[in-house]
Amino acid sequence: MDYDRIINFTYNWFSLSKLAWFLIFFWLAIPLLFLVPWAIEKQYFDGSVYWIVYIFYIIIYFGIMLGFATLTSACLGHRKLKHQISTSTRFLDTIILAVLELWYIFVWNIHKSHRFTQLLVLLGTPLLYFYYLFNPTVLILASFVIFAILYLLFVIHNSVRLFFTVTIFYNKDISKKEAIRDAWELTKGRFILTFFGIALVVGVVFVMFAVMAIILGAIAHIILLPHFTPLVAYELARAVAIIFALGPAIISYYFGIIEVYNQLDKERVSNSRIKRILTKRILSPKRKVTKKVKKKKVVRKRAVKKKKVKKKVIKKKGKKKK
């Protein structure tokens with residue numbers, strides 16, 4: 001996997017003016033997503049308009065999810081990959097697909113041989129926890145820790161294996177179940193490469209987010225300090241810095257993840273081509289031999305014909321001389 005290329009594509013979006021719409025939408029929607037629950041908790045709204053507030057909040061929430069789906073399609077298009085347009089029906093299918101993905105991650109393992117073990121660990125972990133509350137012994141605590149670690153390993157493994165489900169769903173015109181299976185096959189034998197690729201993108205994005213948040217927070221604190229108390233100015237500056245740095249960080253994350261997916265998909269295609277070529281060479285060696293034998297026979301026949309023609313020409317010349 002080309003890690004330098006992943007880092008390059010993580011920052012490549014900065015030259016794209018088309019993604020300004022997402023930044024503006026994100027900077028407007030995210031504050032409302034956090035401020036509305038805070039205002040409801042503080043009871044700033046009248047009781048008669050609560051239903052309007054809840055409807056407004058649900059619209060904002062689904063609008064942000066639609067923005068993420070559209071961003072996935074836009075990143076695929078920028079990478080010159082096939083992409084499906086985010087319509088209303090595909091957006092609803094994306095929500096259902098996300099629920100199915102969580103089901104296969106946390107409950108129902110796609111690998112049949114691991115399915116029973118995951119279900120056993122899933123059911124055993126809470127039972128051991130409740131049993132430990134009534135009978136706190138070292139043996140039960142050790143069993144609970146082992147079960148919890150095993151279940152966590154299952155979740156991490158399934159999450160990485162199914163990480164590109166939504167990306168595949170927007171890259172290819174396939175059903176939801178086919179997208180889940182294709183994501184599982186994409187990372188088959190490439191778990192470590194996929195894990196380190198995703199970890200690299202997250203690390204690079206976190207560094208970028210931290211630097212931008214520190215710079216924006218310092219600027220905002222200097223601007224707000226004359227108008228507010230130091231504590232209020234610090235809190236407001238931190239909130240503004242996080243919101244404004246989070247938008248570019250999300251876009252960088254999506255571009256980096258799309259590049260990881262592109263490299264994995266290209267590697268899978270090249271490996272399948274190599275396998276096809278090798279299988280053809282292994283399964284059809286006799287055909288090549290017969291072709292060579294046929295070519296040798298044709299060459300021999302031509303050589304015999306040429307010899308006969310030369311003999312006839314020599315005989316004719318001898319008769320003319322006589």
# chains A, B, ... in the order shown; residues from 1 in each chain; ligands from 1
call {"tool": "residues_around", "arguments": {"residues": "Ala213 in chain A", "least_positions_apart": "4", "cutoff": "10 Å", "atoms": "only C-alpha atoms", "output": "compact mmCIF listing (two decimals) with all heavy atoms, in the first residue's frame"}}
result
# COMPACT_ATOMS: atom_id res chain seq x y z
N VAL A 207 -3.86 15.21 13.41
CA VAL A 207 -2.80 16.22 13.48
C VAL A 207 -3.25 17.52 12.82
O VAL A 207 -3.06 18.62 13.36
CB VAL A 207 -1.52 15.68 12.82
CG1 VAL A 207 -0.47 16.79 12.68
CG2 VAL A 207 -0.94 14.53 13.63
N MET A 208 -3.87 17.41 11.65
CA MET A 208 -4.37 18.59 10.95
C MET A 208 -5.44 19.30 11.77
O MET A 208 -5.43 20.53 11.90
CB MET A 208 -4.94 18.20 9.59
CG MET A 208 -5.35 19.38 8.73
SD MET A 208 -6.41 18.89 7.37
CE MET A 208 -7.92 18.56 8.26
N PHE A 209 -6.34 18.52 12.36
CA PHE A 209 -7.42 19.10 13.18
C PHE A 209 -6.84 19.82 14.40
O PHE A 209 -7.27 20.93 14.75
CB PHE A 209 -8.37 18.00 13.62
CG PHE A 209 -9.36 18.43 14.67
CD1 PHE A 209 -10.45 19.21 14.33
CD2 PHE A 209 -9.18 18.05 16.00
CE1 PHE A 209 -11.36 19.62 15.30
CE2 PHE A 209 -10.09 18.45 16.97
CZ PHE A 209 -11.17 19.23 16.62
N GLY A 217 -8.36 28.76 17.59
CA GLY A 217 -8.70 29.07 18.97
C GLY A 217 -7.93 30.28 19.49
O GLY A 217 -8.50 31.12 20.21
N ALA A 218 -6.64 30.37 19.12
CA ALA A 218 -5.84 31.52 19.56
C ALA A 218 -6.36 32.82 18.95
O ALA A 218 -6.48 33.85 19.64
CB ALA A 218 -4.38 31.30 19.19
N ILE A 219 -6.69 32.78 17.66
CA ILE A 219 -7.21 33.98 17.00
C ILE A 219 -8.56 34.39 17.59
O ILE A 219 -8.80 35.57 17.88
CB ILE A 219 -7.33 33.72 15.47
CG1 ILE A 219 -5.95 33.51 14.86
CG2 ILE A 219 -8.03 34.89 14.79
CD1 ILE A 219 -5.98 33.02 13.43
N ALA A 237 -14.05 30.64 22.37
CA ALA A 237 -12.98 30.46 21.39
C ALA A 237 -12.73 28.98 21.12
O ALA A 237 -12.52 28.57 19.97
CB ALA A 237 -11.70 31.13 21.87
N ARG A 238 -12.78 28.17 22.17
CA ARG A 238 -12.57 26.72 21.98
C ARG A 238 -13.71 26.11 21.16
O ARG A 238 -13.46 25.29 20.26
CB ARG A 238 -12.49 26.04 23.35
CG ARG A 238 -12.11 24.57 23.27
CD ARG A 238 -12.01 23.95 24.62
NE ARG A 238 -13.30 23.92 25.30
CZ ARG A 238 -13.52 23.32 26.47
NH1 ARG A 238 -12.52 22.71 27.10
NH2 ARG A 238 -14.72 23.34 27.02
N ALA A 239 -14.96 26.51 21.44
CA ALA A 239 -16.09 25.98 20.68
C ALA A 239 -16.02 26.39 19.21
O ALA A 239 -16.23 25.56 18.31
CB ALA A 239 -17.39 26.48 21.30
N VAL A 240 -15.69 27.65 18.96
CA VAL A 240 -15.58 28.13 17.57
C VAL A 240 -14.45 27.41 16.84
O VAL A 240 -14.59 27.01 15.68
CB VAL A 240 -15.35 29.66 17.57
CG1 VAL A 240 -14.97 30.15 16.17
CG2 VAL A 240 -16.60 30.38 18.05
N ALA A 241 -13.31 27.23 17.52
CA ALA A 241 -12.16 26.57 16.89
C ALA A 241 -12.49 25.12 16.53
O ALA A 241 -12.15 24.64 15.45
CB ALA A 241 -10.96 26.62 17.82
N ILE A 242 -13.16 24.40 17.44
CA ILE A 242 -13.51 22.99 17.18
C ILE A 242 -14.47 22.88 16.01
O ILE A 242 -14.30 22.03 15.12
CB ILE A 242 -14.11 22.35 18.45
CG1 ILE A 242 -13.02 22.19 19.51
CG2 ILE A 242 -14.73 21.00 18.13
CD1 ILE A 242 -13.54 21.74 20.86
N ILE A 243 -15.48 23.74 15.96
CA ILE A 243 -16.48 23.68 14.89
C ILE A 243 -15.84 23.98 13.54
O ILE A 243 -16.07 23.27 12.55
CB ILE A 243 -17.63 24.65 15.18
CG1 ILE A 243 -18.46 24.14 16.37
CG2 ILE A 243 -18.54 24.80 13.96
CD1 ILE A 243 -19.46 25.12 16.89
N PHE A 244 -15.02 25.03 13.48
CA PHE A 244 -14.44 25.43 12.19
C PHE A 244 -13.31 24.50 11.75
O PHE A 244 -13.05 24.38 10.55
CB PHE A 244 -13.92 26.87 12.27
CG PHE A 244 -14.99 27.89 12.05
CD1 PHE A 244 -15.74 28.37 13.11
CD2 PHE A 244 -15.27 28.38 10.79
CE1 PHE A 244 -16.74 29.31 12.92
CE2 PHE A 244 -16.26 29.31 10.58
CZ PHE A 244 -17.01 29.78 11.65
N ALA A 245 -12.64 23.83 12.68
CA ALA A 245 -11.58 22.89 12.30
C ALA A 245 -12.14 21.51 11.97
O ALA A 245 -11.51 20.74 11.24
CB ALA A 245 -10.56 22.78 13.43
N LEU A 246 -13.33 21.21 12.50
CA LEU A 246 -13.90 19.88 12.28
C LEU A 246 -14.36 19.67 10.84
O LEU A 246 -14.25 18.56 10.31
CB LEU A 246 -15.08 19.68 13.24
CG LEU A 246 -15.55 18.24 13.46
CD1 LEU A 246 -14.42 17.37 14.00
CD2 LEU A 246 -16.73 18.21 14.42
call {"tool": "residues_around", "arguments": {"residues": "Tyr131 in chain A", "least_positions_apart": "5", "cutoff": "9 Å", "atoms": "only C-alpha atoms", "output": "VMD selection string"}}
result
chain A and resid 126 136 140
call {"tool": "write_last_selection", "arguments": {"atoms": "all heavy atoms", "output": "mmCIF file, in the first residue's frame"}}
result
data_model
loop_
_atom_site.group_PDB
_atom_site.id
_atom_site.type_symbol
_atom_site.label_atom_id
_atom_site.label_comp_id
_atom_site.auth_asym_id
_atom_site.auth_seq_id
_atom_site.Cartn_x
_atom_site.Cartn_y
_atom_site.Cartn_z
ATOM 1 N N PRO A 126 -22.364 -9.893 29.280
ATOM 2 C CA PRO A 126 -23.268 -9.259 30.257
ATOM 3 C C PRO A 126 -23.684 -10.206 31.385
ATOM 4 O O PRO A 126 -23.879 -9.768 32.532
ATOM 5 C CB PRO A 126 -24.480 -8.855 29.406
ATOM 6 C CG PRO A 126 -24.428 -9.693 28.200
ATOM 7 C CD PRO A 126 -22.993 -9.972 27.957
ATOM 8 N N PRO A 136 -18.791 -11.296 43.652
ATOM 9 C CA PRO A 136 -17.518 -10.734 43.165
ATOM 10 C C PRO A 136 -16.305 -11.588 43.540
ATOM 11 O O PRO A 136 -15.661 -11.381 44.570
ATOM 12 C CB PRO A 136 -17.460 -9.368 43.855
ATOM 13 C CG PRO A 136 -18.268 -9.527 45.092
ATOM 14 C CD PRO A 136 -19.331 -10.524 44.786
ATOM 15 N N ILE A 140 -14.621 -15.092 38.407
ATOM 16 C CA ILE A 140 -15.679 -14.486 37.586
ATOM 17 C C ILE A 140 -15.172 -13.199 36.935
ATOM 18 O O ILE A 140 -15.469 -12.928 35.764
ATOM 19 C CB ILE A 140 -16.928 -14.216 38.442
ATOM 20 C CG1 ILE A 140 -17.489 -15.530 38.973
ATOM 21 C CG2 ILE A 140 -17.990 -13.484 37.631
ATOM 22 C CD1 ILE A 140 -18.607 -15.366 39.969
#
call {"tool": "closest_residue", "arguments": {"among": "A:Asn271, A:Thr187, A:Ser86, A:Ser252", "to": "Val201 in chain A", "atoms": "only C-alpha atoms"}}
result
A:Ser252
call {"tool": "residues_around", "arguments": {"residues": "Glu178 in chain A", "least_positions_apart": "5", "cutoff": "10 Å", "atoms": "only C-alpha atoms", "output": "list in words"}}
result
Thr165, Ile168, Phe169, Lys172, Asp173, Ala183 and Trp184 of chain A
call {"tool": "residues_around", "arguments": {"residues": "Lys80 in chain A", "least_positions_apart": "6", "cutoff": "12 Å", "atoms": "only C-alpha atoms", "output": "count of residues only"}}
result
6
call {"tool": "residues_around", "arguments": {"residues": "Glu101 in chain A", "least_positions_apart": "6", "cutoff": "9 Å", "atoms": "only C-alpha atoms", "output": "list in words"}}
result
Ser159, Leu162, Phe163, Thr165 and Ile180 of chain A
call {"tool": "residues_around", "arguments": {"residues": "Thr87 in chain A", "least_positions_apart": "4", "cutoff": "10 Å", "atoms": "only C-alpha atoms", "output": "ChimeraX atom specification"}}
result
/A:66,69-70,91-93
call {"tool": "write_last_selection", "arguments": {"atoms": "N, CA and C atoms", "output": "tab-separated table (two decimals), in the first residue's frame"}}
result
chain	number	residue	atom	x	y	z
A	66	LEU	N	-27.31	13.13	5.04
A	66	LEU	CA	-27.37	13.25	3.58
A	66	LEU	C	-26.12	13.95	3.05
A	69	ALA	N	-23.35	11.40	2.87
A	69	ALA	CA	-23.54	10.50	1.72
A	69	ALA	C	-23.15	11.19	0.42
A	70	THR	N	-23.55	12.46	0.29
A	70	THR	CA	-23.20	13.22	-0.92
A	70	THR	C	-21.70	13.45	-0.99
A	91	PHE	N	-30.53	7.25	-0.32
A	91	PHE	CA	-30.22	7.71	1.03
A	91	PHE	C	-30.93	6.84	2.07
A	92	LEU	N	-32.20	6.50	1.81
A	92	LEU	CA	-32.91	5.60	2.72
A	92	LEU	C	-32.27	4.22	2.75
A	93	ASP	N	-31.83	3.74	1.57
A	93	ASP	CA	-31.12	2.46	1.53
A	93	ASP	C	-29.80	2.53	2.30
call {"tool": "select_by_dssp", "arguments": {"residues": "range 71-169 of chain A", "states": "helix (DSSP H, G or I)", "output": "ChimeraX atom specification"}}
result
/A:71-78,88-106,112-134,138-161,165-169
call {"tool": "closest_residue", "arguments": {"among": "A:Phe206, A:Tyr170, A:Phe45, A:Tyr3", "to": "Leu81 in chain A", "atoms": "only C-alpha atoms"}}
result
A:Tyr170
call {"tool": "closest_residue", "arguments": {"among": "A:Tyr151, A:Gly63, A:His157, A:Trp13", "to": "Gly189 in chain A", "atoms": "only C-alpha atoms"}}
result
A:His157
call {"tool": "closest_residue", "arguments": {"among": "A:Trp38, A:Phe134, A:Tyr44, A:Tyr61", "to": "Phe26 in chain A", "atoms": "only C-alpha atoms"}}
result
A:Tyr61
call {"tool": "closest_residue", "arguments": {"among": "A:Leu33, A:Ile250, A:Leu200, A:Ile60", "to": "Ile6 in chain A", "atoms": "only C-alpha atoms"}}
result
A:Leu200
